Each structure stands twice: as C-alpha cells, then as structure tokens.
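*Asks:* Dropping the structure in here first, questions after.
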Amino acid sequence: MSKVKIVTDSSCTIEKSVRDDLNITMIPLSVMIDDVVYPDDDNLSGEKFMDMMAGAKSLPKTSQPPIGYFAELYDELGKDGSQIISIHMVHTLSGTVEAARQATFLTSSDVTVIDSGFIDQGLSFQVIRAAEMANNGASVEEILAAIGKIKENSYLFIGISSLDNLVKGGRVSRAKGVISNVLNMRVIMELDNGLLTPIVKGRGKKTFTKWFENFKDELSKFTIRKIGISHTGKTEFIEEAKQALQEMFPDMEIPVLHTNPIVATHAGKEAFAIMYYTE
C-alpha cells in the first residue's frame with residue numbers, strides 16, 4: 001500500500017510543532033512589501049510581518065506559488081510511489097488552489113487537490129485530520145470522506161477593528177471605510193460559501209462582546225469537535241474569549257495563534273477569527 005502525503009499552503013495557520021509531527025508539507029505564498037518579495041515561511045512570523053506592514057509605504061500584496069513550484073514538489077513527494085492530497089485555501093480568496101490543480105497536469109505523481117472552502121485554522125482542521133489519518137495508514141478515499149465532513153460542518157467568523165486594509169485592498173469601498181473610522185465601527189463577518197459576509201456592525205469594542213455572548217449560546221446547541229482562535233495581535237477581547245471558551249470546553253485544547261501574513265494583510269491590526277467544527 002502506498003503512503004499518502006499531505007500538502008497545504010501558508011494560509012493554513014498551524015503550530016510548527018504540529019506540522020512537523022504530522023509530516024505536513026507547507027508551500028509558502030509570497031508577500032511583497034514596498035517592492036521586496038518575501039516568502040511566507042517560518043522566517044516571516046506573524047508578529048514580524050505586522051511590524052513590517054505598519055512601516056510600509058503601501059499595503060503589502062500577496063501572491064500564490066507558481067504552478068511549476070507545485071509540480072516540482074509533487075514530483076519529489078511522489079517519487080517513492082506515495083499518493084498526495086493537497087489541501088488549500090478557498091478559491092474566492094486566492095488562486096492557490098487553481099495553481100495546484102494545473103500542476104497536477106505537469107507531474108507524474110498521483111495528486112488530489114482539494115479546495116477546503118476555508119482559510120487559517122479553518123483550513124488547518126482539515127489538514128490536521130488528513131495528516132493524522134494518513135499517518136495511521138488510511139486510504140485517499142477514507143481521508144477525503146473525513147475531511148469532506150469537516151468542511152460541511154465548519155464555521156469561521158472574523159472580527160475587524162478597522163476597515164483600512166480592506167479599503168486599500170479594494171475589498172470594500174472607500175466610503176464605507178471612512179464611515180467605519182469616523183464612527184469607530186467594528187464588523188463581524190462570516191466566511192460562508194467562500195464569501196465574507198458582514199453579519200454584525202456596531203460602534204466600539206462592545207460590538208465584539210455582544211456578538212460573542214450570542215456566539216456562545218449557538219455553540220452550546222452543538223457537539224463541538226474543535227475550536228481555534230487566531231488574531232493579528234492579542235487584545236483583551238482575545239484573552240476573554242479564550243477563557244470563556246475554555247470554561248465551556250474544559251477538556252478541549254483551544255489554540256490561540258497569531259494568524260499568517262496572508263490573512264493579516266487584509267484583516268489589519270487587532271483583528272481576530274474564531275473557527276470551529278461540529279459532529
């Protein structure tokens with residue numbers, strides 16, 4: 001029986017120790033800051049990137065890996081006869097998954113490319129489960145069925161403290177950005193079917209707190225398998241959310257991780273995301 005190897009991209013927020021223990025291969029995207037291109041790898045931490053972005057003349061730009069990079073990696077990973085499952089961020093936010101698919105026509109390895117429908121730790125839920133199963137000898141078919149269920153039952157919410165970066169990146173109109181700054185507006189968005197949809201808007205930090213109380217009520221209705229919290233800089237709200245969720249699920253490990261530069265570029269400072277999946 002051939003081994004199954006798992007590949008993802010650097011929009012997947014995951015602890016390095018977990019990634020290494022599970023033999024997950026991560027392909028770095030690229031970030032251009034003031035005309036200098038940096039690979040989004042272990043040398044570019046989330047904290048370091050936030051400092052660089054704060055001092056940049058313009059908003060950083062991100063780009064997916066070249067098709068040839070994928071093809072070469074697939075060739076290398078598959079030369080021992082291994083099958084490959086390559087799981088990537090949702091196609092509506094990046095062309096990464098499409099580049100991976102095109103690379104399958106250039107490699108002789110057996111590669112299955114998956115659009116996770118998510119990003120950040122929402123993507124890592126699928127990647128980690130796939131790698132755990134692969135290490136235990138599961139087949140490609142078994143792994144695909146399992147991560148398909150996770151995708152169907154995953155939810156991701158993101159809180160934005162300032163629309164500045166979304167405006168600069170063309171994600172929202174400049175008029176809306178000006179309004180948000182004038183009124184000290186906060187926005188909660190849900191990633192649903194590949195689209196970031198605003199579900200709550202309000203003035204001041206109490207917007208997040210009020211939403212979170214309703215969010216906890218929703219969680220209590222389900223059997224929760226995993227929760228992840230990501231951020232672009234720890235705030236009092238992040239600490240409070242972690243504590244409250246840990247009290248709700250005392251036996252669950254809830255990672256609180258600095259998100260990757262791909263997400264932080266658009267989310268801006270003092271943003272957060274809370275992700276989970278159910279039975």
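By order of appearance in the structure tokens: chains A, B, ..., then residues from 1 within every chain, and ligands from 1 in the order shown.
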Among segment 17-210 of chain A, which residues does DSSP mark as strand (DSSP E or B) when it is run on the backbone? Keep the chain and numbering as in the structure and answer as JSON, numbers by chain.
*Replies:* {"A": [25, 26, 27, 30, 31, 32, 33, 36, 37, 38, 39, 61, 62, 63, 83, 84, 85, 86, 87, 88, 110, 111, 112, 113, 114, 115, 154, 155, 156, 157, 158, 159, 160, 185, 186, 187, 188, 189, 190, 191, 192, 195, 196, 197, 198, 199, 200, 201, 202, 203]}
*Asks:* Need the shell around Val263 of chain A: protein/DNA/RNA residues with any atom at most 12 Å away, counting only C-alpha atoms. Skip same-chain ones fewer than 3 positions apart. Format as a PyMOL selection string?
*Replies:* chain A and resi 10-13+29+31+40+46+49-50+60-62+89+93-94+118-121+158+160+165-166+230-232+258-260+266-269+271-273
*Asks:* Deliver the residues from the most recent selection as a file, using N, CA and C atoms, as a compact mmCIF listing (two decimals), in the first residue's frame.
*Replies:*
# COMPACT_ATOMS: atom_id res chain seq x y z
N SER A 10 0.60 28.25 3.00
CA SER A 10 0.92 29.01 4.21
C SER A 10 -0.24 29.87 4.72
N SER A 11 -1.40 29.81 4.08
CA SER A 11 -2.57 30.46 4.66
C SER A 11 -3.16 29.59 5.76
N CYS A 12 -2.62 28.40 5.92
CA CYS A 12 -3.06 27.46 6.95
C CYS A 12 -2.33 27.78 8.25
N THR A 13 -3.04 28.33 9.21
CA THR A 13 -2.44 28.68 10.50
C THR A 13 -2.39 27.44 11.38
N LEU A 29 3.22 30.97 0.23
CA LEU A 29 2.84 32.01 -0.69
C LEU A 29 3.89 33.11 -0.60
N VAL A 31 4.74 37.41 -0.22
CA VAL A 31 4.25 38.71 0.22
C VAL A 31 5.21 39.78 -0.27
N ASP A 40 6.37 33.53 2.43
CA ASP A 40 5.61 33.42 3.67
C ASP A 40 5.96 32.09 4.33
N GLY A 46 4.14 36.04 12.15
CA GLY A 46 3.03 36.97 12.11
C GLY A 46 3.35 38.28 12.78
N PHE A 49 5.72 40.31 10.61
CA PHE A 49 5.01 40.85 9.46
C PHE A 49 4.19 42.08 9.84
N MET A 50 3.51 42.04 10.99
CA MET A 50 2.70 43.18 11.41
C MET A 50 3.56 44.43 11.57
N PRO A 60 0.84 45.68 1.69
CA PRO A 60 1.53 44.54 1.06
C PRO A 60 0.62 43.81 0.08
N LYS A 61 1.23 43.15 -0.87
CA LYS A 61 0.49 42.36 -1.86
C LYS A 61 0.90 40.90 -1.71
N THR A 62 -0.07 40.02 -1.83
CA THR A 62 0.20 38.59 -1.70
C THR A 62 -0.01 37.89 -3.03
N MET A 89 -6.47 26.89 0.59
CA MET A 89 -7.45 27.90 0.97
C MET A 89 -8.51 28.07 -0.10
N LEU A 93 -10.59 33.57 -2.33
CA LEU A 93 -9.63 34.48 -1.72
C LEU A 93 -8.24 34.39 -2.34
N SER A 94 -8.01 33.39 -3.17
CA SER A 94 -6.67 33.22 -3.76
C SER A 94 -6.74 32.25 -4.93
N PHE A 118 -12.07 27.11 3.21
CA PHE A 118 -11.74 27.93 4.38
C PHE A 118 -10.32 28.47 4.29
N ILE A 119 -9.89 29.07 5.37
CA ILE A 119 -8.55 29.65 5.48
C ILE A 119 -8.17 29.60 6.96
N ASP A 120 -6.90 29.88 7.26
CA ASP A 120 -6.45 29.99 8.64
C ASP A 120 -6.64 28.65 9.37
N GLN A 121 -7.09 28.67 10.63
CA GLN A 121 -7.28 27.41 11.34
C GLN A 121 -8.48 26.64 10.83
N ILE A 158 -14.91 36.25 11.57
CA ILE A 158 -13.78 37.15 11.68
C ILE A 158 -14.24 38.52 12.14
N ILE A 160 -13.29 42.49 12.56
CA ILE A 160 -12.43 43.53 12.01
C ILE A 160 -12.57 44.80 12.83
N ASN A 165 -7.39 48.32 5.82
CA ASN A 165 -6.72 47.41 4.89
C ASN A 165 -7.67 46.84 3.86
N LEU A 166 -8.92 46.59 4.25
CA LEU A 166 -9.91 46.10 3.28
C LEU A 166 -10.19 47.16 2.23
N SER A 230 -7.62 32.78 16.16
CA SER A 230 -6.47 33.42 15.54
C SER A 230 -6.60 34.93 15.66
N HIS A 231 -5.48 35.63 15.54
CA HIS A 231 -5.53 37.08 15.74
C HIS A 231 -4.36 37.75 15.03
N THR A 232 -4.43 39.07 14.91
CA THR A 232 -3.33 39.84 14.35
C THR A 232 -2.62 40.65 15.44
N HIS A 258 -1.21 33.52 16.39
CA HIS A 258 -1.11 34.70 15.51
C HIS A 258 -1.34 34.23 14.09
N THR A 259 -2.23 34.88 13.38
CA THR A 259 -2.54 34.44 12.03
C THR A 259 -1.37 34.71 11.09
N ASN A 260 -1.48 34.20 9.90
CA ASN A 260 -0.41 34.32 8.91
C ASN A 260 -0.49 35.65 8.16
N HIS A 266 -5.13 41.62 4.86
CA HIS A 266 -6.47 42.13 4.60
C HIS A 266 -7.24 42.45 5.89
N ALA A 267 -6.96 41.71 6.96
CA ALA A 267 -7.71 41.91 8.20
C ALA A 267 -7.25 43.13 8.97
N GLY A 268 -5.95 43.46 8.88
CA GLY A 268 -5.45 44.62 9.60
C GLY A 268 -5.21 44.34 11.07
N LYS A 269 -4.86 45.40 11.80
CA LYS A 269 -4.49 45.24 13.21
C LYS A 269 -5.73 44.99 14.08
N ALA A 271 -7.44 42.43 14.63
CA ALA A 271 -8.49 41.57 14.07
C ALA A 271 -8.40 40.19 14.73
N PHE A 272 -9.48 39.45 14.65
CA PHE A 272 -9.47 38.09 15.20
C PHE A 272 -10.36 37.21 14.36
N ALA A 273 -10.18 35.90 14.52
CA ALA A 273 -11.08 34.94 13.90
C ALA A 273 -11.30 33.81 14.88
*Asks:* If you count only C-alpha atoms, which residues fall within 12 Å of segment 141-146 of chain A, apart from same-chain ones fewer than 3 positions away, as a VMD selection string?
*Replies:* chain A and resid 4 to 6 83 to 87 112 to 116 125 to 138 149 to 153 279
*Asks:* Using atom CA of Ile274 of chain A and atom CA of Tyr155 of chain A as the two end points, give the distance in Å to one decimal.
*Replies:*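 If I compute the distance from atom CA of Ile274 of chain A to atom CA of Tyr155 of chain A, I get 8.4 Å.
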*Asks:* What's the separation between atom CA of Thr92 of chain A and atom CA of Ile188 of chain A, in Å to one decimal place?
*Replies:*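 If I compute the distance from atom CA of Thr92 of chain A to atom CA of Ile188 of chain A, I get 18.7 Å.
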*Asks:* For a test of reading the model, state the distance in Å between atom CA of Glu239 of chain A and atom CA of Pro255 of chain A, rounded to one decimal.
*Replies:*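 Computing the Euclidean distance for atom CA of Glu239 of chain A and atom CA of Pro255 of chain A yields 11.9 Å.
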*Asks:* DSSP on the backbone, then: every residue of segment 14-204 of chain A marked helix (DSSP H, G or I), written as a VMD selection string.
*Replies:* chain A and resid 16 to 21 46 to 54 67 to 78 96 to 103 120 to 135 140 to 152 164 to 168 174 to 182
*Asks:* I want to know what sits within 10 Å of Ala99 of chain A, based on only C-alpha atoms, with residues of the same chain fewer than 2 positions away left out; could you give that as a PDB file with C-alpha atoms, in the first residue's frame?
*Replies:*
ATOM      1  CA  GLN A  64       0.162  32.293  -4.891  1.00  0.00           C
ATOM      2  CA  PRO A  65       3.092  29.965  -5.609  1.00  0.00           C
ATOM      3  CA  PRO A  66       3.973  29.358  -9.279  1.00  0.00           C
ATOM      4  CA  ILE A  67       2.477  26.286 -10.941  1.00  0.00           C
ATOM      5  CA  GLY A  68       5.987  24.963 -11.567  1.00  0.00           C
ATOM      6  CA  TYR A  69       6.752  25.068  -7.847  1.00  0.00           C
ATOM      7  CA  PHE A  70       3.758  22.846  -7.146  1.00  0.00           C
ATOM      8  CA  ALA A  71       4.712  20.449  -9.929  1.00  0.00           C
ATOM      9  CA  SER A  94      -6.674  33.215  -3.758  1.00  0.00           C
ATOM     10  CA  GLY A  95      -5.685  31.461  -6.970  1.00  0.00           C
ATOM     11  CA  THR A  96      -3.563  28.981  -4.995  1.00  0.00           C
ATOM     12  CA  VAL A  97      -5.876  26.001  -5.322  1.00  0.00           C
ATOM     13  CA  ARG A 101      -4.812  21.853  -9.901  1.00  0.00           C
ATOM     14  CA  GLN A 102      -2.979  22.984 -13.008  1.00  0.00           C
ATOM     15  CA  ALA A 103       0.228  21.491 -11.617  1.00  0.00           C
ATOM     16  CA  THR A 104      -1.389  18.048 -11.495  1.00  0.00           C
ATOM     17  CA  VAL A 113      -6.271  18.749  -4.966  1.00  0.00           C
TER      18      VAL A 113
END
*Asks:* Residues within 7 Å of Gly194 of chain A, please, as a ChimeraX atom specification. Count only C-alpha atoms; anything in the same chain fewer than 3 positions from it doesn't count.
*Replies:* /A:90,92,117,191
*Asks:* With C-alpha atoms retained, could you export that selection as a short mmCIF file (atom, residue, chain, number, x, y, z; two decimals), in the first residue's frame?
*Replies:*
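Contents of result39.cif, freshly written:
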data_model
loop_
_atom_site.label_atom_id
_atom_site.label_comp_id
_atom_site.auth_asym_id
_atom_site.auth_seq_id
_atom_site.Cartn_x
_atom_site.Cartn_y
_atom_site.Cartn_z
CA VAL A 90 -10.80 28.76 -0.54
CA THR A 92 -12.51 33.01 -3.73
CA GLY A 117 -13.58 26.25 1.49
CA LEU A 191 -16.96 33.06 5.73
#
*Asks:* Which one is closest to Ile14 of chain A: A:Ile199, A:Tyr38, A:Lys221, A:Leu257? Count only C-alpha atoms.
*Replies:*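 Of the candidates, the smallest distance to Ile14 of chain A is held by A:Leu257.
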*Asks:* Counting only C-alpha atoms, which residue out of A:Val140, A:Ile24, A:Lys216, A:Asp9 sits closest to Asp41 of chain A?
*Replies:*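 When distances to Asp41 of chain A are compared using only C-alpha atoms, the smallest one comes from A:Asp9.
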*Asks:* What's the 12 Å shell around Ala244 of chain A, counting only C-alpha atoms, without same-chain residues fewer than 4 positions away, as a count of residues only?
*Replies:* 15
